[in-house]
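Presented below is the structure to which this report refers.
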Amino acid sequence: MSSTLRCARPQKIYTYRDMPEFLPVDEQMDLLQKGAAEIIRVADLRERLEDSRKTGRPLRVKAGFDPTAPDLHLGHTVLMRKLRHFQQLGHTVIFLVGDFTSLIGDPTGRNVTRKPLTREQIDANAETYKQQVFKILDEKVTEVRYNSEWLGKLGYEGTIRVTSHFTVSQMLERDEFSKRFQAEQPISLHELLYPVMQGYDSVALKCDVELGGTDQKFNLLCGRELQRHYGQKPQIVLMTPILEGLDGVQKMSKSLGNAIGINESPAEMYGKLMSINDELMWKYWVFLTDLKQSEIDAIEADVKAGKLHPMEVKKRLARTITAGFQGEAAAQAADENWARMFQQKETAEDLEEVAVAYAEVAGPDGTQQIRLPKLLVHIGLAASGAEANRKIAEKAVKLDGELAENVIVSLPELPARLVVRLGKRARVAVIS
RNA sequence: GCACAGGUGGCCGAGCGGUUAAUGGCAGCAGACUGUAAAUCUGCCGCUCCUUGGAGCUACGGAGGUUCGAAUCCUCCCCUGUGCACCA
């Protein structure tokens, strides 16, 4: 059993896209339930899938996005992947851009109230967002909507009518609110309105299913509540887990610096994936690949039994995920480079090259000396000259494989190529 | 509006006139060890300039002031939380 798995190449297990008819409900359920943190309610989902199969009407599946942070990372793709599953099964996926909320400035999360975005910024962000999202979703069959379409028309009167369906204590039940309330931290009045608006989106779109992270549970449930008031069947809520970032503890987030962006270079992506701990690797297998749960379980069993080395499994994971975004060839190259650089401690081949003007890094006297700290800053390996200095003192900097002992470095000739390495990262500086 | 409690480096949180670039924790970075893992140990952890030791600048919500000297005292302002609100 294990031998077949070892050979099994990462491949798309589910290729339902071209199926003209809906698959049997059991098979649909199997795919949809993998990697879902919670479904409210499973029985209802099944029932609706059955209806859909009988009538031939695809389900309307919505997920909303704030066009504020256009840099998608792997954490976001957990949800995208699940959307794609619905799409592959022939259902209608609605990519909802929460432009209305961004116009106002959503303060959710931290003490710092976000600045409202301009229309132009929102459009630009939404465009970038789409570009990234359609690496995963099929653009041709995705319905893209903006919630200003209906929220903008609601007006003060309409808003009051909608909010009248909720009570203050209902709103304060939301975990984030109650925590902040107990900690005597600020809660702006309009923050209470966001769940309501999100719920109204579901009413306006007549959603059958809404997807969101588990942190969205409250908002997602508001949709159900509100749909009932408007005589609609409450949507099924499918929550995807919040994926831990590289540290394995905190959620993946760009601002926490533990994220892997989907537009990162194959080498970066591969390298970052290799740096996660073994525990986390299994979650990444489940949430970031299309391998079946049973297959993943089998690999895990092999590792536990000592038949497979965890590093090999991790390399395969890194290659699989990287290939999904950057193509098979790029993933293969990243794989080889990584091995060369870290397993054989050699210098990788296609390192990122950075051109530097000699004047920018010129040393104190003369023609062929450079100041190393300046170079490190220029090629992006150090955040400041002070930091670069410290790293040199810590013996963390290597030039062409040699430990750099001095801040002043002499070059043999002027158009120079230097492989500069600081810790795990390396760049080629081309000085002229 | 009034009263009280607060606002400190990426975050949390000490300090309440002078060995203070500011204790401690978290996060981060580097070195050792490894499987570039994780865990552990060690070092670093505002910026700039010259240098293997210094020099300067900027920082404790904001603006002034007192003082030889202020994150620490005073004044005003801004922000947050809590309480008060009828009978006046």
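Scheme for the structure tokens: letters A, B, ... for chains in order shown; per-chain residue numbers from 1; ligand numbers from 1 in order shown.
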Select all residues from chain A having any atom no more than 10 Å from an atom of chain B (counting only C-alpha atoms (C1' of nucleotides), ignoring ligands), output as a PDB file with C-alpha atoms, in the first residue's frame.
```
ATOM      1  CA  ASN A 111      -7.101  49.958  17.704  1.00  0.00           C
ATOM      2  CA  PHE A 181     -15.998  44.991  25.866  1.00  0.00           C
ATOM      3  CA  ALA A 183     -11.190  44.468  28.362  1.00  0.00           C
ATOM      4  CA  GLU A 184     -12.671  47.956  28.282  1.00  0.00           C
ATOM      5  CA  GLN A 185     -11.416  48.492  24.790  1.00  0.00           C
ATOM      6  CA  PRO A 186     -13.149  50.617  22.239  1.00  0.00           C
ATOM      7  CA  ASP A 247       5.865  29.897  12.953  1.00  0.00           C
ATOM      8  CA  GLY A 248       3.215  27.233  13.378  1.00  0.00           C
ATOM      9  CA  SER A 255       1.639  41.793   8.892  1.00  0.00           C
ATOM     10  CA  LEU A 256       2.896  39.088  11.224  1.00  0.00           C
ATOM     11  CA  GLY A 257       5.569  38.278   8.701  1.00  0.00           C
ATOM     12  CA  GLY A 271      12.238  27.627   0.894  1.00  0.00           C
ATOM     13  CA  LYS A 272       9.583  28.976   3.181  1.00  0.00           C
ATOM     14  CA  MET A 274      10.669  23.793   3.877  1.00  0.00           C
ATOM     15  CA  SER A 275      11.114  25.864   7.015  1.00  0.00           C
ATOM     16  CA  ILE A 276       7.850  24.853   8.630  1.00  0.00           C
ATOM     17  CA  ASN A 277       7.927  22.290  11.371  1.00  0.00           C
ATOM     18  CA  ASP A 278       6.848  18.710  10.858  1.00  0.00           C
ATOM     19  CA  GLU A 279       3.661  19.051  12.831  1.00  0.00           C
ATOM     20  CA  LEU A 280       2.415  21.834  10.642  1.00  0.00           C
ATOM     21  CA  HIS A 309      11.786  10.499   6.000  1.00  0.00           C
ATOM     22  CA  PRO A 310       9.830  13.563   7.046  1.00  0.00           C
ATOM     23  CA  MET A 311      12.129  15.776   5.039  1.00  0.00           C
ATOM     24  CA  GLU A 312      11.335  13.890   1.862  1.00  0.00           C
ATOM     25  CA  LYS A 314       8.163  17.988   3.182  1.00  0.00           C
ATOM     26  CA  TRP A 338      17.291  24.258  -2.464  1.00  0.00           C
ATOM     27  CA  ALA A 339      19.137  20.989  -2.159  1.00  0.00           C
ATOM     28  CA  MET A 341      22.159  25.502  -1.305  1.00  0.00           C
ATOM     29  CA  PHE A 342      21.267  23.921   1.974  1.00  0.00           C
ATOM     30  CA  GLN A 343      21.930  20.242   1.820  1.00  0.00           C
ATOM     31  CA  LYS A 345      25.992  23.915   1.469  1.00  0.00           C
ATOM     32  CA  PRO A 364      36.545  55.718   1.866  1.00  0.00           C
ATOM     33  CA  ALA A 382      19.605  44.156   5.783  1.00  0.00           C
ATOM     34  CA  SER A 384      19.506  49.335   7.972  1.00  0.00           C
ATOM     35  CA  GLY A 385      23.194  50.026   8.027  1.00  0.00           C
ATOM     36  CA  ALA A 386      23.254  49.551  11.760  1.00  0.00           C
ATOM     37  CA  GLU A 387      21.730  46.124  11.400  1.00  0.00           C
ATOM     38  CA  ARG A 390      25.781  43.967  13.644  1.00  0.00           C
ATOM     39  CA  LYS A 391      25.370  41.028  11.326  1.00  0.00           C
ATOM     40  CA  ILE A 392      28.942  41.402  10.096  1.00  0.00           C
ATOM     41  CA  ALA A 393      30.146  41.481  13.688  1.00  0.00           C
ATOM     42  CA  GLU A 394      28.092  38.350  14.330  1.00  0.00           C
ATOM     43  CA  LYS A 395      29.933  36.578  11.531  1.00  0.00           C
ATOM     44  CA  ALA A 396      26.736  36.032   9.632  1.00  0.00           C
ATOM     45  CA  VAL A 397      27.833  37.461   6.296  1.00  0.00           C
ATOM     46  CA  GLU A 405      35.426  39.955   8.603  1.00  0.00           C
ATOM     47  CA  ASN A 406      35.663  43.569   7.615  1.00  0.00           C
ATOM     48  CA  VAL A 407      33.277  46.349   6.734  1.00  0.00           C
ATOM     49  CA  ILE A 408      35.536  47.546   3.942  1.00  0.00           C
ATOM     50  CA  LEU A 422      23.406  36.702   5.120  1.00  0.00           C
ATOM     51  CA  GLY A 423      22.087  33.769   7.054  1.00  0.00           C
ATOM     52  CA  LYS A 424      19.636  31.810   4.984  1.00  0.00           C
ATOM     53  CA  ARG A 425      19.272  34.369   2.267  1.00  0.00           C
TER      54      ARG A 425
END
```
Region 15-18 of chain B environment, 12 Å, only C-alpha atoms (C1' of nucleotides), sequence neighbours closer than 6 positions dropped, as a list in words: U8, G24, C60, U66, U67, C68, G69, A70, A71, U72 and C73 of chain B
Residues of region 280-343 of chain A in helix (DSSP H, G or I), written as a ChimeraX atom specification: /A:280-288,293-304,310-326,328-343
Excluding Arg224 (chain A) and its own-chain neighbours fewer than 6 positions away, which residues fall within 12 Å of it when counting only C-alpha atoms (C1' of nucleotides)? Please give them as a ChimeraX atom specification. /A:40-41,165,195-196,198-203,206-210,217-218,230-237
From a DSSP calculation on the backbone, collect every residue of region 109-287 of chain A in strand (DSSP E) and output the set as number ranges by chain. A: 142-146, 209-213, 236-240
Top pick for closest residue to G7 (chain B), considering B:G61, B:U75, B:C49, B:C84 and counting only C-alpha atoms (C1' of nucleotides):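 Result for the nearest residue to G7 (chain B): B:G61.
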Identify, on the basis of only C-alpha atoms (C1' of nucleotides), every residue whose closest approach to Phe177 (chain A) does not exceed 9 Å; exclude the query and any residue fewer than 5 positions from it along the same chain; express the result as a PyMOL selection string. chain A and resi 171-172+182+187+192
What is the distance between CA of His85 (chain A) and CA of Leu32 (chain A), in Å to one decimal?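 Separation between CA of His85 (chain A) and CA of Leu32 (chain A): 6.7 Å.
Those residues that approach Gln332 (chain A) to within 9 Å, counting only C-alpha atoms (C1' of nucleotides), are Arg319, Thr322, Ala323, Gly327 and Asn337 of chain A; same-chain residues fewer than 5 positions away are not listed.
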Could you give me, as a PDB file with N, CA and C atoms, in the first residue's frame, the residues within 9 Å of Val162 (chain A), counting only C-alpha atoms (C1' of nucleotides) and dropping anything in the same chain fewer than 4 positions from it?
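So the final result, stored in selection_8.pdb, reads:
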```
ATOM      1  N   GLU A 157     -32.788  54.900   5.948  1.00  0.00           N
ATOM      2  CA  GLU A 157     -34.025  54.225   6.321  1.00  0.00           C
ATOM      3  C   GLU A 157     -33.873  52.707   6.182  1.00  0.00           C
ATOM      4  N   GLY A 158     -33.379  52.307   5.036  1.00  0.00           N
ATOM      5  CA  GLY A 158     -33.206  50.882   4.801  1.00  0.00           C
ATOM      6  C   GLY A 158     -32.273  50.252   5.814  1.00  0.00           C
ATOM      7  N   PHE A 166     -31.919  42.809  14.635  1.00  0.00           N
ATOM      8  CA  PHE A 166     -30.950  42.331  15.622  1.00  0.00           C
ATOM      9  C   PHE A 166     -31.029  43.167  16.894  1.00  0.00           C
ATOM     10  N   VAL A 196     -24.109  42.842  10.110  1.00  0.00           N
ATOM     11  CA  VAL A 196     -25.447  43.011   9.550  1.00  0.00           C
ATOM     12  C   VAL A 196     -25.356  43.196   8.037  1.00  0.00           C
ATOM     13  N   MET A 197     -24.417  44.017   7.632  1.00  0.00           N
ATOM     14  CA  MET A 197     -24.276  44.271   6.196  1.00  0.00           C
ATOM     15  C   MET A 197     -23.874  43.011   5.452  1.00  0.00           C
ATOM     16  N   TYR A 200     -26.752  40.932   4.999  1.00  0.00           N
ATOM     17  CA  TYR A 200     -27.653  41.453   3.982  1.00  0.00           C
ATOM     18  C   TYR A 200     -27.158  41.092   2.576  1.00  0.00           C
ATOM     19  N   LEU A 226     -30.773  36.740   9.010  1.00  0.00           N
ATOM     20  CA  LEU A 226     -31.419  37.768   8.206  1.00  0.00           C
ATOM     21  C   LEU A 226     -32.233  37.160   7.070  1.00  0.00           C
TER      22      LEU A 226
END
```
Distance query region 354-357 of chain A at most 10 Å, only C-alpha atoms (C1' of nucleotides), self and fewer than 6 positions along chain excluded, as a list of chain:residue names: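 Within the cut-off, the hits are A:Leu375, A:His378, A:Ile379, A:Gly380, A:Pro415, A:Ala416, A:Arg417, A:Arg427, A:Val428, A:Ala429, A:Val430, A:Ile431, A:Ser432.
The space between CA of Gly261 (chain A) and CA of Val144 (chain A) spans 22.8 Å.
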